[in-house]
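A.B. asks: Dropping the structure in here first, questions after.
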Amino acid sequence: MNETRNILIGFDFGVDTSQICYYDRQADSAVSLPVKVGTEDASFPNCISTADGKTWHFGPEAEYFSSQKGESFVSGIYELCQSSREVMVAGKSYRPGELLAVLIRESLALLGLPDYLRKITSFMMTTPRISRTLVENVRVAYEILGFEKGRAFLQEYAESFYYEAFSHRLDGRGRKVGLFVFENMDVYFRRLDVDQTTRPAMVSCREGKRITLPADGRQKDMAFYELIQDSLGAEIYSTIYLVGNGFSQEWAKKSVALLCKAQRKVYFGNNLYAKGACEAAREKVEDKRLKAYLYIGGDVVRYNVGMEMMINGVPGYYPLIAGGGNWYDSEASCEVLLDEEDSIRLQIGEMYSKERRTIAMKLDGLPDRPPKASRVRIEVSFTSGTAMRVRVTDLGFGDLYPTSGKTWEEVLTEAGGKRV
């Protein structure tokens with residue numbers, strides 16, 4: 001590494017393996033961090049081991065110390081983090097988030113720097129899919145590691161694909177970018193589309209066709225060739241990426257020739273998501289290279305949420321959540337004095353629309369108090385891109401009107417109940 005402070009990290013937390021990228025400021029690009037000096041292999045298995053809960057090993061070392069030294073061994077940490085099930089390791093019970101924290105901490109020692117966690121300015125984890133349980137476990141891990149909010153982030157693979165592709169396309173972002181993902185004998189297609197009619201321009205990742213490849217090399221080449229034809233069609237693509245296990249130029253002779261037609265740039269490797277996460281880590285805290293673009297994925301909240309209230313004696317709109325962020329990062333709270341009402345009213349509008357609609361939430365059982373003698377805390381968060389949780393807590397008003405301890409909670413969705 002050529003920097004020892006303000007480190008930017010991309011962490012690819014895959015199903016079976018993980019890898020790390022750091023931002024090389026001299027090269028102005030994300031660089032994979034090899035597991036062993038002198039090699040190019042940056043991936044390591046998602047496993048850890050320990051004998052006493054104090055000294056831990058990860059990846060290949062964990063496999064060695066568990067098989068040769070008898071240490072307690074934990075593998076499949078990605079799947080563990082999709083649940084809340086605790087695991088016994090060396091006689092002690094651990095939450096999945098605690099085990100994830102160990103994996104991250106021990107693997108970051110590859111940086112070779114003392115006190116490296118304090119030197120990391122921005123840490124972005126990327127993973128195949130995001131669930132509520134995974135988010136909770138990642139938050140536990142970040143808290144244990146000492147990553148405060150605004151320094152550690154999370155995103156799906158599709159969004160990392162966007163960051164890696166668009167961070168290097170300063171002159172051709174209007175053209176399409178394609179991605180073929182190999183999963184052993186299966187392969188599927190994704191592409192990035194840009195809607196230039198909005199400001200900022202909206203970028204989305206579209207899922208394409210998936211096929212299972214034949215075992216025979218020549219037939220495999222032909223099947224992939226036909227998938228390329230079907231996926232790209234007559235559209236103009238500037239860049240094509242290939243990732244995953246199962247692709248080889250030894251059998252893909254006709255396919256590779258087709259991929260490289262029309263001066264398309266073709267990249268193959270397994271560090272796309274880690275590098276994209278690293279680019280996103282930079283975008284979060286440093287120069288906004290992609291400020292003219294907004295990635296819209298399945299995790300993005302597409303609503304603006306606020307309230308109309310008296311602010312310093314003047315009626316106005318108080319924003320709580322701005323659309324465009326991922327649901328697990330979209331949360332806000334405020335405290336208000338109720339006038340003569342036993343309900344709150346939220347203003348909700350679509351992104352890029354000036355129109356807003358009002359959703360009322362009745363506070364049944366709120367104590368009868370004079371106007372402006374009921375103070376409540378309103379907490380708004382999202383449990384998905386289209387499901388918003390609203391929690392209201394009665395705080396009372398000083399010693400004269402003590403809190404009742406009552407809370408009210410509703411989940412507003414597009415699918416059922418009150419519409420977001």
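Following the order of the structure tokens, first chain is A, next is B, and so on, with residues numbered from 1 inside each chain and ligands from 1 in the order they appear.
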Using only C-alpha atoms, I'd like a table of the residues in range 28-122 of chain A that come within 10 Å of range 282-285 of chain A; for each, show the closest atom pair and its distance in Å rounded to one decimal, ordered by chain and ascending number, as a Markdown table.
C.D. replies:
```
| residue | atom | partner | partner_atom | distance |
| --- | --- | --- | --- | --- |
| A:Ala30 | CA | A:Arg282 | CA | 9.7 |
| A:Thr121 | CA | A:Val285 | CA | 7.8 |
| A:Ser122 | CA | A:Val285 | CA | 6.8 |
```
A.B. asks: If you count only C-alpha atoms, which residues fall within 6 Å of Ser72 in chain A, apart from same-chain ones fewer than 4 positions away, as a VMD selection string?
C.D. replies: chain A and resid 49 to 51 89 to 90
A.B. asks: Within 8 Å of range 253-267 of chain A, counting only C-alpha atoms, which residues show up once you throw out same-chain ones fewer than 6 positions away? Write them as a JSON list (two decimals) with all heavy atoms, in the first residue's frame, please.
C.D. replies:
```json
[["chain", "number", "residue", "atom", "x", "y", "z"],
["A", 221, "ASP", "N", -19.67, -23.52, -26.01],
["A", 221, "ASP", "CA", -19.30, -22.31, -26.74],
["A", 221, "ASP", "C", -20.48, -21.81, -27.57],
["A", 221, "ASP", "O", -20.80, -20.62, -27.58],
["A", 221, "ASP", "CB", -18.09, -22.60, -27.62],
["A", 221, "ASP", "CG", -17.49, -21.33, -28.22],
["A", 221, "ASP", "OD1", -17.81, -20.22, -27.75],
["A", 221, "ASP", "OD2", -16.69, -21.46, -29.16],
["A", 222, "MET", "N", -21.16, -22.71, -28.25],
["A", 222, "MET", "CA", -22.29, -22.32, -29.09],
["A", 222, "MET", "C", -23.46, -21.81, -28.25],
["A", 222, "MET", "O", -24.11, -20.82, -28.61],
["A", 222, "MET", "CB", -22.74, -23.51, -29.94],
["A", 222, "MET", "CG", -23.91, -23.18, -30.89],
["A", 222, "MET", "SD", -23.58, -21.74, -31.97],
["A", 222, "MET", "CE", -22.22, -22.41, -32.97],
["A", 224, "PHE", "N", -23.31, -20.35, -25.30],
["A", 224, "PHE", "CA", -22.96, -19.02, -24.80],
["A", 224, "PHE", "C", -23.00, -18.00, -25.93],
["A", 224, "PHE", "O", -23.43, -16.85, -25.74],
["A", 224, "PHE", "CB", -21.59, -19.07, -24.13],
["A", 224, "PHE", "CG", -21.18, -17.76, -23.49],
["A", 224, "PHE", "CD1", -22.10, -16.99, -22.81],
["A", 224, "PHE", "CD2", -19.86, -17.30, -23.58],
["A", 224, "PHE", "CE1", -21.72, -15.78, -22.21],
["A", 224, "PHE", "CE2", -19.48, -16.11, -23.00],
["A", 224, "PHE", "CZ", -20.41, -15.35, -22.32],
["A", 225, "TYR", "N", -22.56, -18.39, -27.11],
["A", 225, "TYR", "CA", -22.61, -17.52, -28.29],
["A", 225, "TYR", "C", -24.05, -17.07, -28.55],
["A", 225, "TYR", "O", -24.30, -15.89, -28.80],
["A", 225, "TYR", "CB", -22.06, -18.28, -29.49],
["A", 225, "TYR", "CG", -21.99, -17.49, -30.78],
["A", 225, "TYR", "CD1", -20.84, -16.79, -31.13],
["A", 225, "TYR", "CD2", -23.07, -17.45, -31.65],
["A", 225, "TYR", "CE1", -20.77, -16.07, -32.32],
["A", 225, "TYR", "CE2", -23.02, -16.74, -32.84],
["A", 225, "TYR", "CZ", -21.87, -16.04, -33.17],
["A", 225, "TYR", "OH", -21.81, -15.33, -34.35],
["A", 228, "ILE", "N", -25.18, -14.57, -25.97],
["A", 228, "ILE", "CA", -24.63, -13.23, -26.26],
["A", 228, "ILE", "C", -25.47, -12.54, -27.32],
["A", 228, "ILE", "O", -25.82, -11.36, -27.19],
["A", 228, "ILE", "CB", -23.16, -13.34, -26.70],
["A", 228, "ILE", "CG1", -22.29, -13.90, -25.58],
["A", 228, "ILE", "CG2", -22.63, -11.98, -27.15],
["A", 228, "ILE", "CD1", -20.90, -14.28, -26.01],
["A", 237, "TYR", "N", -23.08, -1.47, -27.05],
["A", 237, "TYR", "CA", -22.47, -1.65, -25.74],
["A", 237, "TYR", "C", -21.02, -1.17, -25.79],
["A", 237, "TYR", "O", -20.28, -1.52, -26.72],
["A", 237, "TYR", "CB", -22.50, -3.11, -25.31],
["A", 237, "TYR", "CG", -23.86, -3.58, -24.83],
["A", 237, "TYR", "CD1", -24.86, -3.89, -25.75],
["A", 237, "TYR", "CD2", -24.13, -3.69, -23.48],
["A", 237, "TYR", "CE1", -26.11, -4.31, -25.32],
["A", 237, "TYR", "CE2", -25.38, -4.12, -23.04],
["A", 237, "TYR", "CZ", -26.36, -4.43, -23.96],
["A", 237, "TYR", "OH", -27.60, -4.84, -23.53],
["A", 238, "SER", "N", -20.63, -0.40, -24.78],
["A", 238, "SER", "CA", -19.24, 0.05, -24.72],
["A", 238, "SER", "C", -18.35, -0.97, -24.02],
["A", 238, "SER", "O", -17.18, -1.14, -24.37],
["A", 238, "SER", "CB", -19.14, 1.38, -23.99],
["A", 238, "SER", "OG", -19.56, 1.23, -22.64],
["A", 239, "THR", "N", -18.92, -1.69, -23.03],
["A", 239, "THR", "CA", -18.11, -2.57, -22.19],
["A", 239, "THR", "C", -18.92, -3.81, -21.81],
["A", 239, "THR", "O", -20.12, -3.72, -21.55],
["A", 239, "THR", "CB", -17.67, -1.86, -20.90],
["A", 239, "THR", "OG1", -17.12, -0.57, -21.23],
["A", 239, "THR", "CG2", -16.62, -2.67, -20.16],
["A", 240, "ILE", "N", -18.24, -4.94, -21.77],
["A", 240, "ILE", "CA", -18.83, -6.19, -21.31],
["A", 240, "ILE", "C", -17.92, -6.77, -20.22],
["A", 240, "ILE", "O", -16.71, -6.87, -20.39],
["A", 240, "ILE", "CB", -18.97, -7.23, -22.44],
["A", 240, "ILE", "CG1", -19.82, -6.67, -23.58],
["A", 240, "ILE", "CG2", -19.56, -8.52, -21.90],
["A", 240, "ILE", "CD1", -21.28, -6.45, -23.23],
["A", 241, "TYR", "N", -18.53, -7.14, -19.10],
["A", 241, "TYR", "CA", -17.80, -7.78, -18.00],
["A", 241, "TYR", "C", -18.22, -9.24, -17.90],
["A", 241, "TYR", "O", -19.38, -9.58, -18.18],
["A", 241, "TYR", "CB", -18.09, -7.09, -16.67],
["A", 241, "TYR", "CG", -17.56, -5.68, -16.54],
["A", 241, "TYR", "CD1", -18.34, -4.59, -16.92],
["A", 241, "TYR", "CD2", -16.29, -5.44, -16.02],
["A", 241, "TYR", "CE1", -17.87, -3.30, -16.80],
["A", 241, "TYR", "CE2", -15.81, -4.14, -15.88],
["A", 241, "TYR", "CZ", -16.60, -3.08, -16.28],
["A", 241, "TYR", "OH", -16.13, -1.80, -16.15],
["A", 242, "LEU", "N", -17.28, -10.10, -17.50],
["A", 242, "LEU", "CA", -17.57, -11.50, -17.22],
["A", 242, "LEU", "C", -17.01, -11.82, -15.85],
["A", 242, "LEU", "O", -15.83, -11.54, -15.57],
["A", 242, "LEU", "CB", -16.95, -12.43, -18.26],
["A", 242, "LEU", "CG", -17.40, -12.25, -19.72],
["A", 242, "LEU", "CD1", -16.41, -11.36, -20.47],
["A", 242, "LEU", "CD2", -17.49, -13.60, -20.41]]
```
A.B. asks: A:Met307, A:Ala223, A:Met88, A:Leu363: which is nearest Val336 in chain A, counting only C-alpha atoms?
C.D. replies: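 Of the candidates, the smallest distance to Val336 in chain A is held by A:Met307.
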A.B. asks: Between A:Glu286, A:Phe180, A:Met388, A:Leu346, which is the closest to Ala360 in chain A once you count only C-alpha atoms?
C.D. replies: A:Leu346
A.B. asks: DSSP on the backbone, then: every residue of range 71-310 of chain A marked strand (DSSP E), written as a PyMOL selection string.
C.D. replies: chain A and resi 72-74+87-89+92-94+120-127+152-156+176-183+186-195+201-212+237-245+265-268+293-295+303-310
A.B. asks: In terms of the shortest atom-to-atom distance over only C-alpha atoms, which of A:Tyr142, A:Phe147, A:Phe247, A:Tyr273 is closest to Glu164 in chain A?
C.D. replies: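 Of all the options, A:Tyr273 lies closest to Glu164 in chain A.
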A.B. asks: I'd like to know which of A:Arg132, A:Arg95, A:Arg175, A:Arg377 is closest to Gln82 in chain A, using only C-alpha atoms.
C.D. replies: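 The shortest atom-to-atom distance to Gln82 in chain A comes from A:Arg132.
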A.B. asks: Would you mind telling me which residue in A:Leu227, A:Leu179, A:Ala387, A:Leu395 lies nearest to Val300 in chain A when using only C-alpha atoms?
C.D. replies: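 Nearest to Val300 in chain A: A:Ala387.
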A.B. asks: With only C-alpha atoms as the atoms that count, which of A:Val194, A:Leu338, A:Met124, A:Val187 lies nearest to Lys220 in chain A?
C.D. replies: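 Using only C-alpha atoms, the shortest distance to Lys220 in chain A belongs to A:Val187.
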